[in-house]
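Below: the structure, in structure tokens.
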Amino acid sequence: MREARLGPEEMAEKKREKTCSTCFEVPIGPVHPALKEGIRFTFWVEGEKIKKVDIRPGFMHRGIEFMGTKRNLVQLIYLAERICGICSVSHPLALVQAVEEAAGIEVPPRAQYIRVIIGELERIHSHLLWAGVAAHELGFDTLLHYVWKIREPVLDLLEDITGNRIDYAIPIYGGVRRDIPPEKYPKLKDALRYYRSLVEDLLNFFLRDPSIEARTRNIGILTREEADALCAVGPTARASGLRKDVRQDWPYFTYPDLQVRALTPEDMGLGVRGDVYDRIMVRLLEVSQSIQIIERCLEEMPDGEITSVPKVAALLAQLKKAEGEGIGRHEAPRGEVFHYIRLEADKEAPVVWKVKAPTYSNLMSWFPMFKDQEIADIPIVAASIDPCICCMDRVHIVRGEREEVVWKEELLRLSWEKTKRVASRVTRHAPWGRKG
Amino acid sequence: MIFKALLQQLLTKPVTNRFPAKYMPRSVVKFLGKVEKGEAKLTPPVPVTEGFRGRIAYDREKCIGCQLCIRVCPARVIEFKPEEKKIRMYVARCTYCAQCVDICPVGALSRSQDFLLADYDRFSPNLIVE
């Protein structure tokens with residue numbers, strides 16, 4: 001077996017072997033004005049052309065999964081909500097699905113409709129936010145301010161329904177915490193009408209603008225095969241022509257009835273190129289798709305209970321008795337969010353909580369995207385996957401003074417150690433040990 | 001084209017609410033003093049919605065000291081005072097999820113509409129509810 005860790009000289013030698021001799025090395029980050037969050041890129045450039053790229057995440061690690069195992073499940077919802085500030089309902093929605101599966105809690109139909117409505121409203125605001133950021137990265141700040149202005153009404157609407165612009169605190173195990181009373185339907189419908197009238201304008205501003213087209217057409221290409229091989233998710237995968245969407249492939253809540261289809265540039269009647277232009281197009285198309293979904297939800301939403309366990313104290317007691325494991329998946333604006341949870345009887349905190357944010361899957365698609373691009377295209381290509389580094393970072397190695405690279409063998413050893421550590425906490429094994 | 005939208009934009013009224021005054025005063029504290037004396041006029045903040053989750057209001061008389069709110073609070077805002085069987089809340093830590101309001105069996109806690117809670121001292125009387 002190879003020595004797991006290399007010294008600095010050996011590391012430098014290894015690096016030199018891998019890169020071209022005429023390349024310059026340009027590090028960007030971890031703290032850099034063009035990057036919103038801490039991640040380090042290393043580009044090897046020849047003239048203006050990027051030959052190779054390497055990334056080093058891990059600077060934004062917050063230990064959120066560890067914190068989760070120190071809290072009871074009701075407190076955990078609000079921690080999960082704070083994994084990401086933009087997809088602040090996606091993480092709780094995935095978590096409640098996981099816990100409901102583990103504890104066998106039913107969700108009434110009205111609550112499922114409300115969850116879908118909030119999730120889709122969040123998609124509208126997240127995609128508009130991203131469109132503004134993309135315009136900013138291209139140097140088109142007028143469009144940034146315009147798009148962020150029209151993003152305000154959906155935030156006001158969310159504040160009206162949930163009580164806050166961001167961090168809605170709406171899902172709870174077995175349902176939702178607040179109903180959408182019928183008096184609020186007209187307000188919702190007005191907002192949807194407003195956005196419906198604007199989607200066409202937005203498509204015009206972004207897709208028929210010659211300077212935006214010049215900056216984004218054939219830039220940062222991710223082919224269909226690459227997207228498939230690198231397991232890209234969300235709009236990044238769909239812009240490359242992969243019809244991949246959790247709402248379509250593994251429908252949950254009321255999505256089976258709503259018949260959501262994954263959108264690709266083909267739905268605009270254009271060929272798929274998988275470039276930044278296509279990613280803008282897919283996100284804007286999804287805004288109008290979300291509007292349709294919410295309108296259908298408002299029409300079809302049945303009356304009834306909004307939660308199956310109205311008393312929170314009873315819910316806590318029920319969850320304490322619950323035992324088992326569960327998986328929750330939700331299509332966040334950026335792609336698939338995945339939560340895994342393992343509960344044990346007589347323990348209020350989960351034994352294991354695992355979170356996979358969409359950026360974790362999309363990170364690798366940067367490598368083919370950056371290849372042979374110009375240095376000036378770095379910001380827009382980096383932004384085009386809608387990265388959320390904070391949500392994604394799960395590992396940071398801090399042992400010792402110097403930075404170390406963990407090789408496969410070392411990683412495997414760490415993984416085995418963790419299994420042993422977790423196994424000591426897991427007293428009974430699922431599914432054989434499951435009661436009842 | 002975007003030009004048309006931008007020209008229309010020129011003719012619309014700005015949406016920004018000039019809070020607390022048209023031009024930001026050098027010292028907000030002094031400005032508020034002036035407002036009290038009637039020398040200056042305060043531009044009110046944008047009203048919040050009906051179901052807004054602001055600072056938690058506490059009805060001391062109703063509280064029975066069951067400590068359920070302490071169990072569900074995700075930010076550990078609430079401290080129990082065993083001798084009186086009442087609670088004390090440190091609002092500076094609060095995440096305004098209002099889960100304590102949902103679990104309170106006697107309705108001693110409620111959402112208020114207060115949101116102007118910025119302060120230099122996290123233990124100032126404005127930020128402690130008891």
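We name chains A, B, ... following the order of the structure tokens; residues begin at 1 in each chain, and ligands are numbered from 1 as shown.
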Using only C-alpha atoms, find each residue of chain A with at least one atom at most 7 Å away from an atom of chain B; report its shortest atom-to-atom pair and that distance in Å (one decimal), sort the rows by chain and rising residue number, and return the result as CSV.
residue,atom,partner,partner_atom,distance
A:Val74,CA,B:Val72,CA,6.1
A:Gln75,CA,B:Pro74,CA,4.4
A:Tyr78,CA,B:Pro74,CA,6.4
A:Asp160,CA,B:Thr49,CA,5.6
A:Gly163,CA,B:Phe52,CA,4.1
A:Asn164,CA,B:Phe52,CA,6.4
A:Ala169,CA,B:Cys97,CA,5.7
A:Asn204,CA,B:Met1,CA,6.8
A:Phe205,CA,B:Ile2,CA,5.7
A:Val312,CA,B:Ile103,CA,5.5
A:Ala313,CA,B:Ile103,CA,6.5
Pick out each residue of stretch 148-384 of chain A that DSSP on the backbone tags as alpha helix (DSSP H); I need them as a PyMOL selection string. chain A and resi 148-162+185-207+210-216+224-229+234-239+246-249+255-258+276-300+312-321+358-362+366-370+378-383
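The list of residues with at least one atom within 7 Å of stretch 373-385 of chain A, based on only C-alpha atoms and without residues fewer than 3 positions apart in the same chain, reads Ala34, Glu48, Lys49, Ile50, Ala134, Glu137, Leu138, Gly220, Thr236, Val276, Arg279, Asn362 and Phe370 of chain A.
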Output N, CA and C atoms of each residue in that selection to a file, as a CSV table (one decimal), in the first residue's frame.
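What follows is the written file out_8.csv:
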chain,number,residue,atom,x,y,z
A,34,ALA,N,-14.8,38.0,-6.0
A,34,ALA,CA,-15.8,37.5,-7.0
A,34,ALA,C,-16.5,36.3,-6.5
A,48,GLU,N,-4.6,33.0,-22.3
A,48,GLU,CA,-5.9,33.2,-21.7
A,48,GLU,C,-6.7,32.0,-21.5
A,49,LYS,N,-6.2,30.9,-22.0
A,49,LYS,CA,-7.0,29.6,-22.0
A,49,LYS,C,-6.8,28.8,-20.7
A,50,ILE,N,-7.8,28.3,-20.1
A,50,ILE,CA,-7.7,27.5,-18.9
A,50,ILE,C,-7.5,26.1,-19.4
A,134,ALA,N,-26.4,36.1,-12.1
A,134,ALA,CA,-25.8,35.8,-13.4
A,134,ALA,C,-25.6,37.1,-14.2
A,137,GLU,N,-22.7,39.0,-12.8
A,137,GLU,CA,-21.4,38.4,-13.2
A,137,GLU,C,-21.0,38.8,-14.6
A,138,LEU,N,-22.0,39.0,-15.4
A,138,LEU,CA,-21.8,39.4,-16.8
A,138,LEU,C,-21.5,40.9,-16.9
A,220,GLY,N,-18.7,27.4,-21.1
A,220,GLY,CA,-19.0,26.5,-20.0
A,220,GLY,C,-19.8,25.3,-20.4
A,236,THR,N,-28.6,22.2,-13.7
A,236,THR,CA,-27.4,22.0,-14.3
A,236,THR,C,-27.5,20.7,-15.2
A,276,VAL,N,-23.9,28.0,-20.7
A,276,VAL,CA,-24.5,28.8,-19.7
A,276,VAL,C,-25.8,29.4,-20.2
A,279,ARG,N,-28.5,27.1,-19.4
A,279,ARG,CA,-28.8,27.0,-17.9
A,279,ARG,C,-29.7,28.2,-17.5
A,362,ASN,N,-23.1,18.8,-8.0
A,362,ASN,CA,-22.8,19.6,-9.2
A,362,ASN,C,-21.4,20.1,-9.3
A,370,PHE,N,-15.0,24.3,-17.2
A,370,PHE,CA,-13.9,25.3,-17.3
A,370,PHE,C,-12.9,25.0,-18.4
In terms of the shortest atom-to-atom distance over only C-alpha atoms, which of A:Leu411, A:Val107, A:Ala262, A:Ile118 is closest to A:Tyr168? A:Ile118
Shell of 9 Å around stretch 252-255 of chain A, only C-alpha atoms, local chain residues under 2 positions omitted, as a PDB file with N, CA and C atoms, in the first residue's frame:
ATOM      1  N   GLN A  97     -39.567  14.430   5.488  1.00  0.00           N
ATOM      2  CA  GLN A  97     -39.880  13.190   4.766  1.00  0.00           C
ATOM      3  C   GLN A  97     -39.111  12.013   5.345  1.00  0.00           C
ATOM      4  N   VAL A 107     -49.196  12.142   6.577  1.00  0.00           N
ATOM      5  CA  VAL A 107     -49.369  13.571   6.348  1.00  0.00           C
ATOM      6  C   VAL A 107     -50.709  13.792   5.642  1.00  0.00           C
ATOM      7  N   PRO A 109     -53.623  15.387   3.239  1.00  0.00           N
ATOM      8  CA  PRO A 109     -53.437  15.914   1.876  1.00  0.00           C
ATOM      9  C   PRO A 109     -53.266  17.427   1.819  1.00  0.00           C
ATOM     10  N   ALA A 111     -51.914  19.435   3.912  1.00  0.00           N
ATOM     11  CA  ALA A 111     -50.555  19.803   4.318  1.00  0.00           C
ATOM     12  C   ALA A 111     -49.574  19.551   3.177  1.00  0.00           C
ATOM     13  N   GLN A 112     -49.808  18.461   2.428  1.00  0.00           N
ATOM     14  CA  GLN A 112     -48.905  18.173   1.314  1.00  0.00           C
ATOM     15  C   GLN A 112     -49.007  19.246   0.242  1.00  0.00           C
ATOM     16  N   TYR A 113     -50.243  19.711  -0.006  1.00  0.00           N
ATOM     17  CA  TYR A 113     -50.408  20.785  -0.992  1.00  0.00           C
ATOM     18  C   TYR A 113     -49.706  22.052  -0.518  1.00  0.00           C
ATOM     19  N   ARG A 115     -47.155  22.296   1.472  1.00  0.00           N
ATOM     20  CA  ARG A 115     -45.709  22.103   1.331  1.00  0.00           C
ATOM     21  C   ARG A 115     -45.264  22.336  -0.105  1.00  0.00           C
ATOM     22  N   VAL A 116     -46.037  21.820  -1.055  1.00  0.00           N
ATOM     23  CA  VAL A 116     -45.668  21.999  -2.467  1.00  0.00           C
ATOM     24  C   VAL A 116     -45.717  23.479  -2.837  1.00  0.00           C
ATOM     25  N   VAL A 246     -36.358  15.103  -9.382  1.00  0.00           N
ATOM     26  CA  VAL A 246     -36.928  14.222  -8.361  1.00  0.00           C
ATOM     27  C   VAL A 246     -38.450  14.253  -8.427  1.00  0.00           C
ATOM     28  N   ARG A 247     -38.996  15.432  -8.777  1.00  0.00           N
ATOM     29  CA  ARG A 247     -40.454  15.566  -8.831  1.00  0.00           C
ATOM     30  C   ARG A 247     -41.049  14.696  -9.930  1.00  0.00           C
ATOM     31  N   GLN A 248     -40.246  14.373 -10.940  1.00  0.00           N
ATOM     32  CA  GLN A 248     -40.729  13.542 -12.036  1.00  0.00           C
ATOM     33  C   GLN A 248     -40.360  12.075 -11.801  1.00  0.00           C
ATOM     34  N   TRP A 250     -39.104  10.427  -8.851  1.00  0.00           N
ATOM     35  CA  TRP A 250     -39.513   9.807  -7.582  1.00  0.00           C
ATOM     36  C   TRP A 250     -40.505  10.736  -6.912  1.00  0.00           C
ATOM     37  N   ASP A 257     -49.743  13.594  -8.614  1.00  0.00           N
ATOM     38  CA  ASP A 257     -50.966  14.087  -9.249  1.00  0.00           C
ATOM     39  C   ASP A 257     -50.683  15.242 -10.188  1.00  0.00           C
ATOM     40  N   LEU A 258     -49.632  15.990  -9.898  1.00  0.00           N
ATOM     41  CA  LEU A 258     -49.388  17.206 -10.668  1.00  0.00           C
ATOM     42  C   LEU A 258     -48.657  16.930 -11.965  1.00  0.00           C
ATOM     43  N   GLN A 259     -48.081  15.735 -12.093  1.00  0.00           N
ATOM     44  CA  GLN A 259     -47.442  15.329 -13.357  1.00  0.00           C
ATOM     45  C   GLN A 259     -46.382  16.333 -13.801  1.00  0.00           C
ATOM     46  N   VAL A 260     -45.423  16.585 -12.938  1.00  0.00           N
ATOM     47  CA  VAL A 260     -44.355  17.519 -13.284  1.00  0.00           C
ATOM     48  C   VAL A 260     -43.404  16.847 -14.270  1.00  0.00           C
ATOM     49  N   CYS A 297     -52.278  23.718  -7.701  1.00  0.00           N
ATOM     50  CA  CYS A 297     -52.425  23.367  -6.284  1.00  0.00           C
ATOM     51  C   CYS A 297     -53.569  24.146  -5.654  1.00  0.00           C
ATOM     52  N   ARG A 329     -36.095  12.986   0.063  1.00  0.00           N
ATOM     53  CA  ARG A 329     -35.520  13.645  -1.104  1.00  0.00           C
ATOM     54  C   ARG A 329     -36.466  14.742  -1.529  1.00  0.00           C
ATOM     55  N   HIS A 330     -35.884  15.851  -1.946  1.00  0.00           N
ATOM     56  CA  HIS A 330     -36.712  16.954  -2.413  1.00  0.00           C
ATOM     57  C   HIS A 330     -35.964  17.635  -3.542  1.00  0.00           C
TER      58      HIS A 330
END
Need the shell around stretch 27-33 of chain B: protein/DNA/RNA residues with any atom at most 12 Å away, counting only C-alpha atoms. Skip same-chain ones fewer than 6 positions apart. Format as a JSON list (two decimals) with C-alpha atoms, in the first residue's frame?
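File around28.json, as written:
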[["chain", "number", "residue", "atom", "x", "y", "z"],
["B", 19, "PHE", "CA", -36.79, 54.80, 7.38],
["B", 20, "PRO", "CA", -36.15, 56.40, 9.92],
["B", 21, "ALA", "CA", -35.83, 59.70, 8.01],
["B", 39, "GLU", "CA", -38.30, 68.63, 16.53],
["B", 40, "ALA", "CA", -38.05, 65.95, 13.84],
["B", 41, "LYS", "CA", -40.46, 63.68, 12.09],
["B", 42, "LEU", "CA", -40.07, 59.92, 11.99],
["B", 43, "THR", "CA", -40.82, 58.03, 8.79],
["B", 118, "ALA", "CA", -30.96, 46.10, 17.15],
["B", 119, "ASP", "CA", -28.87, 46.93, 20.19],
["B", 120, "TYR", "CA", -25.23, 47.32, 21.21]]
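You will find atom CA of B:Asn17 at 29.5 Å from atom CA of A:Leu284.
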Run DSSP on the backbone and tell me which residues of stretch 229-425 of chain A come out as strand (DSSP E); list them as a ChimeraX atom specification. /A:324-332,335-343,352-356
